[in-house]
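S.K.: Below you'll find my_file-v5.pdb; it's PDB, C-alpha atoms and all ligand atoms.
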ATOM      1  CA  LEU B   8      -8.010  -8.826  11.528
ATOM      2  CA  LEU B   9      -9.217 -12.213  12.623
ATOM      3  CA  GLY B  10     -11.182 -11.649  15.831
ATOM      4  CA  ALA B  11     -10.272  -7.949  16.012
ATOM      5  CA  ALA B  12     -13.861  -6.713  15.752
ATOM      6  CA  GLU B  13     -15.010  -8.724  18.748
ATOM      7  CA  ARG B  14     -12.208  -7.633  21.095
ATOM      8  CA  GLY B  15     -13.598  -4.173  21.784
ATOM      9  CA  ILE B  16     -10.423  -2.418  20.659
ATOM     10  CA  ASP B  17      -9.893   0.809  18.780
ATOM     11  CA  LEU B  18      -7.789   0.114  15.703
ATOM     12  CA  VAL B  19      -7.435   1.978  12.447
ATOM     13  CA  VAL B  20      -5.539   0.236   9.661
ATOM     14  CA  VAL B  21      -4.543   2.050   6.474
ATOM     15  CA  VAL B  22      -3.479  -0.490   3.857
ATOM     16  CA  VAL B  23      -1.171   0.816   1.152
ATOM     17  CA  HIS B  24      -2.406  -1.496  -1.587
ATOM     18  CA  ASN B  25       0.091  -1.776  -4.417
ATOM     19  CA  ASP B  26      -0.956  -5.302  -5.409
ATOM     20  CA  GLY B  27       2.372  -6.941  -4.687
ATOM     21  CA  GLY B  28       5.804  -6.359  -3.218
ATOM     22  CA  GLY B  29       6.638  -2.754  -3.964
ATOM     23  CA  ILE B  30      10.081  -2.860  -2.401
ATOM     24  CA  PHE B  31      11.423  -4.985  -5.251
ATOM     25  CA  SER B  32      10.727  -2.219  -7.772
ATOM     26  CA  PHE B  33      13.649  -0.355  -6.160
ATOM     27  CA  LEU B  34      16.109  -3.157  -6.930
ATOM     28  CA  PRO B  35      18.427  -3.121  -9.981
ATOM     29  CA  GLN B  36      16.695  -6.108 -11.561
ATOM     30  CA  ALA B  37      13.554  -3.978 -12.014
ATOM     31  CA  GLY B  38      15.377  -2.247 -14.867
ATOM     32  CA  VAL B  39      16.922  -5.379 -16.348
ATOM     33  CA  VAL B  40      14.350  -8.178 -16.280
ATOM     34  CA  ASP B  41      11.490  -7.729 -18.755
ATOM     35  CA  GLU B  42       8.256  -6.624 -17.137
ATOM     36  CA  PRO B  43       6.132  -9.803 -17.295
ATOM     37  CA  LEU B  44       8.974 -11.853 -15.807
ATOM     38  CA  PHE B  45       9.698  -9.194 -13.197
ATOM     39  CA  GLU B  46       6.042  -9.211 -12.198
ATOM     40  CA  ARG B  47       5.998 -12.979 -11.940
ATOM     41  CA  LEU B  48       9.229 -13.254  -9.928
ATOM     42  CA  TYR B  49       9.287 -10.043  -7.879
ATOM     43  CA  GLY B  50       6.133  -7.947  -8.145
ATOM     44  CA  THR B  51       3.978 -11.012  -7.439
ATOM     45  CA  PRO B  52       0.581  -9.287  -7.758
ATOM     46  CA  HIS B  53      -2.023 -11.115  -5.681
ATOM     47  CA  GLY B  54      -5.094  -9.570  -7.318
ATOM     48  CA  VAL B  55      -7.065  -9.781  -4.081
ATOM     49  CA  ASP B  56      -9.964  -7.431  -3.364
ATOM     50  CA  LEU B  57      -8.768  -6.257   0.060
ATOM     51  CA  VAL B  58     -12.030  -4.469   0.902
ATOM     52  CA  SER B  59     -13.900  -7.761   0.463
ATOM     53  CA  LEU B  60     -11.161  -9.659   2.282
ATOM     54  CA  SER B  61     -11.475  -7.385   5.304
ATOM     55  CA  ALA B  62     -15.252  -7.742   5.223
ATOM     56  CA  ALA B  63     -14.804 -11.514   5.198
ATOM     57  CA  TYR B  64     -12.926 -11.157   8.509
ATOM     58  CA  GLY B  65     -15.870  -9.219   9.938
ATOM     59  CA  THR B  66     -14.466  -5.719   9.528
ATOM     60  CA  PRO B  67     -16.118  -3.609   6.847
ATOM     61  CA  ALA B  68     -13.429  -1.717   4.946
ATOM     62  CA  ARG B  69     -13.519   1.289   2.693
ATOM     63  CA  ALA B  70     -11.447   2.121  -0.365
ATOM     64  CA  VAL B  71     -10.122   5.664  -0.164
ATOM     65  CA  ASP B  72      -9.374   6.881  -3.673
ATOM     66  CA  ASP B  73      -8.394  10.470  -2.930
ATOM     67  CA  THR B  74      -5.297  10.780  -0.725
ATOM     68  CA  GLY B  75      -6.728  14.019   0.688
ATOM     69  CA  ASP B  76      -9.524  11.944   2.225
ATOM     70  CA  ILE B  77      -7.203   9.684   4.245
ATOM     71  CA  ALA B  78      -6.514  11.980   7.210
ATOM     72  CA  PRO B  79     -10.179  12.953   7.749
ATOM     73  CA  ALA B  80     -11.222   9.297   7.413
ATOM     74  CA  VAL B  81      -8.668   8.235  10.033
ATOM     75  CA  ARG B  82      -9.724  11.043  12.398
ATOM     76  CA  GLU B  83     -13.401  10.083  12.034
ATOM     77  CA  ALA B  84     -12.587   6.415  12.554
ATOM     78  CA  PHE B  85     -10.697   7.082  15.795
ATOM     79  CA  ALA B  86     -13.520   9.339  16.975
ATOM     80  CA  ALA B  87     -16.077   6.598  16.263
ATOM     81  CA  GLY B  88     -13.984   3.897  17.963
ATOM     82  CA  GLY B  89     -13.795   0.241  17.003
ATOM     83  CA  VAL B  90     -11.909  -1.380  14.151
ATOM     84  CA  HIS B  91     -11.664   0.337  10.778
ATOM     85  CA  VAL B  92      -9.769  -0.541   7.627
ATOM     86  CA  PHE B  93      -9.030   1.842   4.770
ATOM     87  CA  VAL B  94      -7.540   0.608   1.534
ATOM     88  CA  VAL B  95      -5.508   3.101  -0.459
ATOM     89  CA  ARG B  96      -4.545   1.964  -3.951
ATOM     90  CA  THR B  97      -1.051   2.889  -5.106
ATOM     91  CA  ASP B  98       1.083   2.031  -8.101
ATOM     92  CA  ARG B  99       4.486   0.372  -7.568
ATOM     93  CA  THR B 100       6.126   2.012 -10.583
ATOM     94  CA  GLU B 101       4.798   5.483  -9.748
ATOM     95  CA  ASN B 102       6.046   4.971  -6.195
ATOM     96  CA  VAL B 103       9.626   4.468  -7.437
ATOM     97  CA  GLU B 104       9.372   7.590  -9.609
ATOM     98  CA  LEU B 105       8.026   9.606  -6.679
ATOM     99  CA  HIS B 106      10.913   8.426  -4.455
ATOM    100  CA  ARG B 107      13.425   9.386  -7.159
ATOM    101  CA  ARG B 108      11.892  12.866  -7.465
ATOM    102  CA  LEU B 109      11.936  13.321  -3.681
ATOM    103  CA  ASN B 110      15.534  12.080  -3.421
ATOM    104  CA  ALA B 111      16.592  14.474  -6.180
ATOM    105  CA  ALA B 112      14.809  17.387  -4.484
ATOM    106  CA  VAL B 113      16.515  16.601  -1.164
ATOM    107  CA  ALA B 114      19.914  16.249  -2.865
ATOM    108  CA  ASP B 115      19.397  19.618  -4.608
ATOM    109  CA  ALA B 116      18.355  21.277  -1.349
ATOM    110  CA  VAL B 117      21.356  19.894   0.537
ATOM    111  CA  ALA B 118      23.754  20.874  -2.267
ATOM    112  CA  SER B 119      22.561  24.481  -2.481
TER     113      SER B 119
HETATM  114  C1  LIG B 201       8.859 -14.152   6.227
HETATM  115  C2  LIG B 201       9.441 -13.399   5.049
HETATM  116  N1  LIG B 201       9.330 -13.898   3.808
HETATM  117  C3  LIG B 201       9.824 -13.222   2.765
HETATM  118  C4  LIG B 201      10.468 -12.031   2.960
HETATM  119  C5  LIG B 201      11.068 -11.292   1.780
HETATM  120  N2  LIG B 201      10.370 -10.055   1.541
HETATM  121  C6  LIG B 201      10.887  -8.858   1.884
HETATM  122  S1  LIG B 201       9.925  -7.580   1.432
HETATM  123  C7  LIG B 201       8.772  -8.639   0.727
HETATM  124  C8  LIG B 201       7.531  -8.134   0.049
HETATM  125  C9  LIG B 201       6.937  -6.995   0.792
HETATM  126  O1  LIG B 201       5.679  -6.690   0.218
HETATM  127  P1  LIG B 201       4.643  -5.842   1.039
HETATM  128  O2  LIG B 201       4.590  -6.329   2.439
HETATM  129  O3  LIG B 201       3.382  -5.806   0.240
HETATM  130  O4  LIG B 201       5.321  -4.421   1.128
HETATM  131  P2  LIG B 201       5.723  -3.390  -0.015
HETATM  132  O5  LIG B 201       7.123  -3.727  -0.440
HETATM  133  O6  LIG B 201       4.735  -3.500  -1.156
HETATM  134  O7  LIG B 201       5.666  -2.054   0.685
HETATM  135  C10 LIG B 201       9.175  -9.954   0.868
HETATM  136  C11 LIG B 201       8.412 -11.130   0.338
HETATM  137  C12 LIG B 201      10.561 -11.537   4.289
HETATM  138  N3  LIG B 201      11.156 -10.375   4.574
HETATM  139  N4  LIG B 201      10.052 -12.236   5.313
END
Would you kindly transcribe this structure into structure tokens?
M.R.:
Amino acid sequence: LLGAAERGIDLVVVVVHNDGGGIFSFLPQAGVVDEPLFERLYGTPHGVDLVSLSAAYGTPARAVDDTGDIAPAVREAFAAGGVHVFVVRTDRTENVELHRRLNAAVADAVAS
């Protein structure tokens, strides 16, 4: 974001904010290592307020709490032009469960 606002570009960034490295929650060690240690070694939550961080780089950001609001916000941002940042909070554990449900639904659909 550094310098983005002054370059006269149109840019819309949607940050999926899971406070860490979500990909590691899919690895086998997520089910073996106890949670505090897993968080310290793999999840590595940064605890940073990304809306404030973006503002510090000169781009006001907005937290979008309702996923239904993301698409309209992005459309409005592109229509307005300039640089926009939206921060969408997600949960790393819920994300794994959602992927498992989707994988199971696809496997069921393919099998039937
Ligand atoms: C330069 C570099 N350092 C470390 C890694 C190892 N690595 C792979 S994924 C990842 C964390 C990804 O976290 P994030 O970008 O927040 O994405 P998420 O998994 O939460 O979607 C890391 C550190 C890498 N790929 N490249």
S.K.: Expanded to explicit residues, what is the PyMOL selection byres (((not hetatm)) within 6 of (chain B and resi 201)) for this file, as a ChimeraX atom specification?
M.R.: /B:25,27-30
S.K.: Those same residues, written as a PDB file, keeping the file's coordinate frame with C-alpha atoms?
M.R.:
ATOM      1  CA  ASN B  25       0.091  -1.776  -4.417  1.00  0.00           C
ATOM      2  CA  GLY B  27       2.372  -6.941  -4.687  1.00  0.00           C
ATOM      3  CA  GLY B  28       5.804  -6.359  -3.218  1.00  0.00           C
ATOM      4  CA  GLY B  29       6.638  -2.754  -3.964  1.00  0.00           C
ATOM      5  CA  ILE B  30      10.081  -2.860  -2.401  1.00  0.00           C
TER       6      ILE B  30
END
S.K.: Report as a count of residues only all protein, DNA and RNA residues lying within 10 Å of B:Thr51, evaluated on only C-alpha atoms, omitting residues in the same chain fewer than 3 positions from it.
M.R.: 11
S.K.: Using the file's own x, y and z axes, so that the box edges lie along x, y and z, what centre and edge lengths in Å (one decimal) does a box around every listed atom of stretch 88-100 of chain B get when 8 Å is added on each side? Give it as JSON.
M.R.:
{"center_x": -3.9, "center_y": 1.3, "center_z": 3.7, "size_x": 36.1, "size_y": 21.3, "size_z": 44.5}
S.K.: Selected by the PyMOL selection byres (((chain B and resi 101-115) around 9) and not hetatm) in the shown coordinates: which residues, as a list in words?
M.R.: Gly29, Ile30, Ser32, Phe33, Thr97, Asp98, Arg99, Thr100, Ala116, Val117, Ala118 and Ser119 of chain B
S.K.: Please save C-alpha atoms of the selected residues as a short mmCIF file (atom, residue, chain, number, x, y, z; two decimals), keeping the file's coordinate frame.
M.R.:
data_model
loop_
_atom_site.label_atom_id
_atom_site.label_comp_id
_atom_site.auth_asym_id
_atom_site.auth_seq_id
_atom_site.Cartn_x
_atom_site.Cartn_y
_atom_site.Cartn_z
CA GLY B 29 6.64 -2.75 -3.96
CA ILE B 30 10.08 -2.86 -2.40
CA SER B 32 10.73 -2.22 -7.77
CA PHE B 33 13.65 -0.36 -6.16
CA THR B 97 -1.05 2.89 -5.11
CA ASP B 98 1.08 2.03 -8.10
CA ARG B 99 4.49 0.37 -7.57
CA THR B 100 6.13 2.01 -10.58
CA ALA B 116 18.36 21.28 -1.35
CA VAL B 117 21.36 19.89 0.54
CA ALA B 118 23.75 20.87 -2.27
CA SER B 119 22.56 24.48 -2.48
#
S.K.: So that I can check the surroundings of B:Gly89, please list as a PyMOL selection string every protein, DNA and RNA residue that reaches within 7 Å of it, counting all atoms listed in the file and ignoring chain neighbours fewer than 2 positions away.
M.R.: chain B and resi 15-18+87+91
S.K.: Which residues match the PyMOL selection byres (((chain B and resi 56) around 12) and not hetatm) in the file above, as JSON, numbers by chain?
M.R.: {"B": [22, 24, 25, 26, 52, 53, 54, 55, 57, 58, 59, 60, 61, 62, 63, 68, 69, 70, 94, 95, 96]}
S.K.: Skipping near chain neighbours, those fewer than 6 positions away, what residues fall within 9 Å of B:Leu8 using only C-alpha atoms, listed as an MDAnalysis selection string?
M.R.: chainID B and resid 61 64:66 90
S.K.: Go ahead and dump the residues you just picked, C-alpha atoms, as a CSV table (one decimal), in the frame of the given file.
M.R.:
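Result saved to result.csv:
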chain,number,residue,atom,x,y,z
B,61,SER,CA,-11.5,-7.4,5.3
B,64,TYR,CA,-12.9,-11.2,8.5
B,65,GLY,CA,-15.9,-9.2,9.9
B,66,THR,CA,-14.5,-5.7,9.5
B,90,VAL,CA,-11.9,-1.4,14.2
S.K.: Please compute the atom CA of B:Ala12-atom CA of B:Thr74 distance, one decimal, in Å.
M.R.: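 If I compute the distance from atom CA of B:Ala12 to atom CA of B:Thr74, I get 25.5 Å.
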S.K.: Which residue gives the smallest distance to B:Tyr49 among B:Val71, B:Val21, B:Arg14, B:Leu34, with all atoms listed in the file counted?
M.R.: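 Going through B:Val71, B:Val21, B:Arg14, B:Leu34 one by one, the smallest distance to B:Tyr49 is for B:Leu34.
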S.K.: So how far away is atom CA of B:Asp72 from atom CA of B:Ala11, in Å?
M.R.: 24.7 Å
